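The block underneath contains the structure these notes are about, expressed in C-alpha cells.
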Amino acid sequence: MLLFRVEGLDRFRSGFGPEAANGLLRVVARTIEGTLWRTDFIGRWADNQFLVVLNGCREDALHSVRDRLSWRVANDSIEWWGERRSLPVSVGCAMAQSDEELPSVLERVEKSLGNASAWRTCRPQDPDSESS
C-alpha cells in the first residue's frame, strides 16, 4: 500500500480557492491512476490523501514503485491565473504480510507517511531514467 498526502492543501485552498485545490487534486489522482496497472486501486483516503493498493507488487519492488509514482506526482501542477501552481507530496508505504489484517497494514502505512519527507516539484532526474 502507498498513502499519498498533498502537503499544504489547506493553505493552497485559502490562497487560490476551492476550484484551484480541486483541480490540483484531480491532476494528482489522474497521474497516480495513469501510472498504475489496471489491477491496482486508488481511492481518496482523506481531503488531502490518496490510498493506493498495489495488487501483486513484490516487496523488493515496493520502494521503486513508490519513488516512481512520487516523482511523477511531485512534478504535477495546474495553471492558475497564468502561473503554474503545485504542492509537494509525501508518501508512506507498507507491505502487507500474509497473516496480517487490514487495520494493521493501514496503521503501518499511516505511520510511514508520518515519517516521510515531502517530494518537492521539479526533481532533477526521473527515477526510471537512472542508470544502475
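By convention in this document, the chains of the C-alpha cells carry letters A, B, ... by their order, each chain's residues are numbered from 1, and ligands are numbered from 1 in the order they are shown.
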Query raised in the report: If you count only C-alpha atoms, which residues fall within 7 Å of segment 50-66 of chain A, apart from same-chain ones fewer than 4 positions away, as a list in words?
Result: Met1, Leu2, Leu3, Phe4, Arg5, Thr39, Asp40, Phe41, Ile42, Gly43, Arg44, Trp45, Ala46, Ser70 and Met95 of chain A
Report task. Run DSSP on the backbone of this structure and report the residues of chain A it assigns to helix (DSSP H, G or I), as a PyMOL selection string. Result -> chain A and resi 9-16+18-35+59-74+102-115+127-129
Based on the selection just made, write C-alpha atoms of those residues as a compact mmCIF listing (two decimals), in the first residue's frame.
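So the final result, stored in out_12.txt, reads:
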# COMPACT_ATOMS: atom_id res chain seq x y z
CA LEU A 9 -3.56 21.89 0.68
CA ASP A 10 -5.49 23.98 3.23
CA ARG A 11 -3.17 26.96 2.70
CA PHE A 12 -3.37 26.46 -1.08
CA ARG A 13 -7.19 26.35 -0.91
CA SER A 14 -7.24 29.53 1.22
CA GLY A 15 -4.94 31.36 -1.16
CA PHE A 16 -6.29 30.25 -4.53
CA PRO A 18 -11.52 25.61 -3.76
CA GLU A 19 -11.61 25.34 -7.56
CA ALA A 20 -7.82 25.51 -7.76
CA ALA A 21 -7.42 23.00 -4.92
CA ASN A 22 -9.89 20.59 -6.51
CA GLY A 23 -8.16 20.98 -9.87
CA LEU A 24 -4.80 20.13 -8.36
CA LEU A 25 -6.24 17.09 -6.56
CA ARG A 26 -7.79 15.87 -9.84
CA VAL A 27 -4.42 16.16 -11.58
CA VAL A 28 -2.69 14.23 -8.79
CA ALA A 29 -5.35 11.48 -8.84
CA ARG A 30 -5.18 11.16 -12.64
CA THR A 31 -1.38 10.96 -12.57
CA ILE A 32 -1.42 8.20 -9.97
CA GLU A 33 -4.22 6.34 -11.74
CA GLY A 34 -2.47 6.63 -15.10
CA THR A 35 0.76 5.23 -13.69
CA GLU A 59 8.35 -6.42 -1.56
CA ASP A 60 11.62 -5.79 -3.42
CA ALA A 61 9.78 -3.55 -5.91
CA LEU A 62 7.67 -1.54 -3.45
CA HIS A 63 10.16 1.29 -2.87
CA SER A 64 10.93 1.58 -6.57
CA VAL A 65 7.21 1.88 -7.38
CA ARG A 66 6.80 4.42 -4.56
CA ASP A 67 9.69 6.52 -5.88
CA ARG A 68 8.45 6.42 -9.49
CA LEU A 69 4.90 7.45 -8.51
CA SER A 70 6.19 10.11 -6.11
CA TRP A 71 8.41 11.65 -8.75
CA ARG A 72 5.56 11.85 -11.24
CA VAL A 73 3.13 13.34 -8.73
CA ALA A 74 5.74 15.81 -7.43
CA LEU A 102 -6.15 -4.76 7.06
CA PRO A 103 -6.24 -2.42 10.11
CA SER A 104 -2.65 -3.34 10.90
CA VAL A 105 -1.45 -2.59 7.36
CA LEU A 106 -3.30 0.73 7.35
CA GLU A 107 -1.74 1.66 10.68
CA ARG A 108 1.73 0.92 9.33
CA VAL A 109 1.22 2.86 6.08
CA GLU A 110 -0.07 5.86 8.06
CA LYS A 111 2.93 5.66 10.39
CA SER A 112 5.24 5.50 7.38
CA LEU A 113 3.52 8.59 5.94
CA GLY A 114 4.10 10.41 9.23
CA ASN A 115 7.83 9.76 8.87
CA PRO A 127 13.98 7.55 -11.27
CA ASP A 128 13.05 5.50 -14.36
CA SER A 129 15.99 7.00 -16.22
**Report entry** Proximity to Gly92 of chain A - best of A:Leu36, A:Asn48, A:Gly17, A:Ala116, only C-alpha atoms
**Finding:** A:Ala116
Query - Straight-line distance linking atom CA of Leu87 of chain A with atom CA of Ser117 of chain A, stated in Å to one decimal - result: 13.2 Å
Query raised in the report: In Å, with one decimal, what is the gap from atom CA of Trp37 of chain A to atom CA of Ser77 of chain A?
Result: 22.7 Å
Requested in this report: Quick one: pull the distance between atom CA of Asn75 of chain A and atom CA of Glu7 of chain A, Å, one decimal.
Outcome: 13.6 Å
Report task. Pull the strand (DSSP E) assignments for chain A out of DSSP run on the backbone, and list those residues as a list in words. Result -> Leu2, Leu3, Phe4, Arg5, Val6, Phe41, Ile42, Gly43, Arg44, Trp45, Ala46, Gln49, Phe50, Leu51, Val52, Val53, Ile78, Glu79, Trp80, Glu83, Arg84, Arg85, Val89, Ser90, Val91, Gly92 and Cys93 of chain A
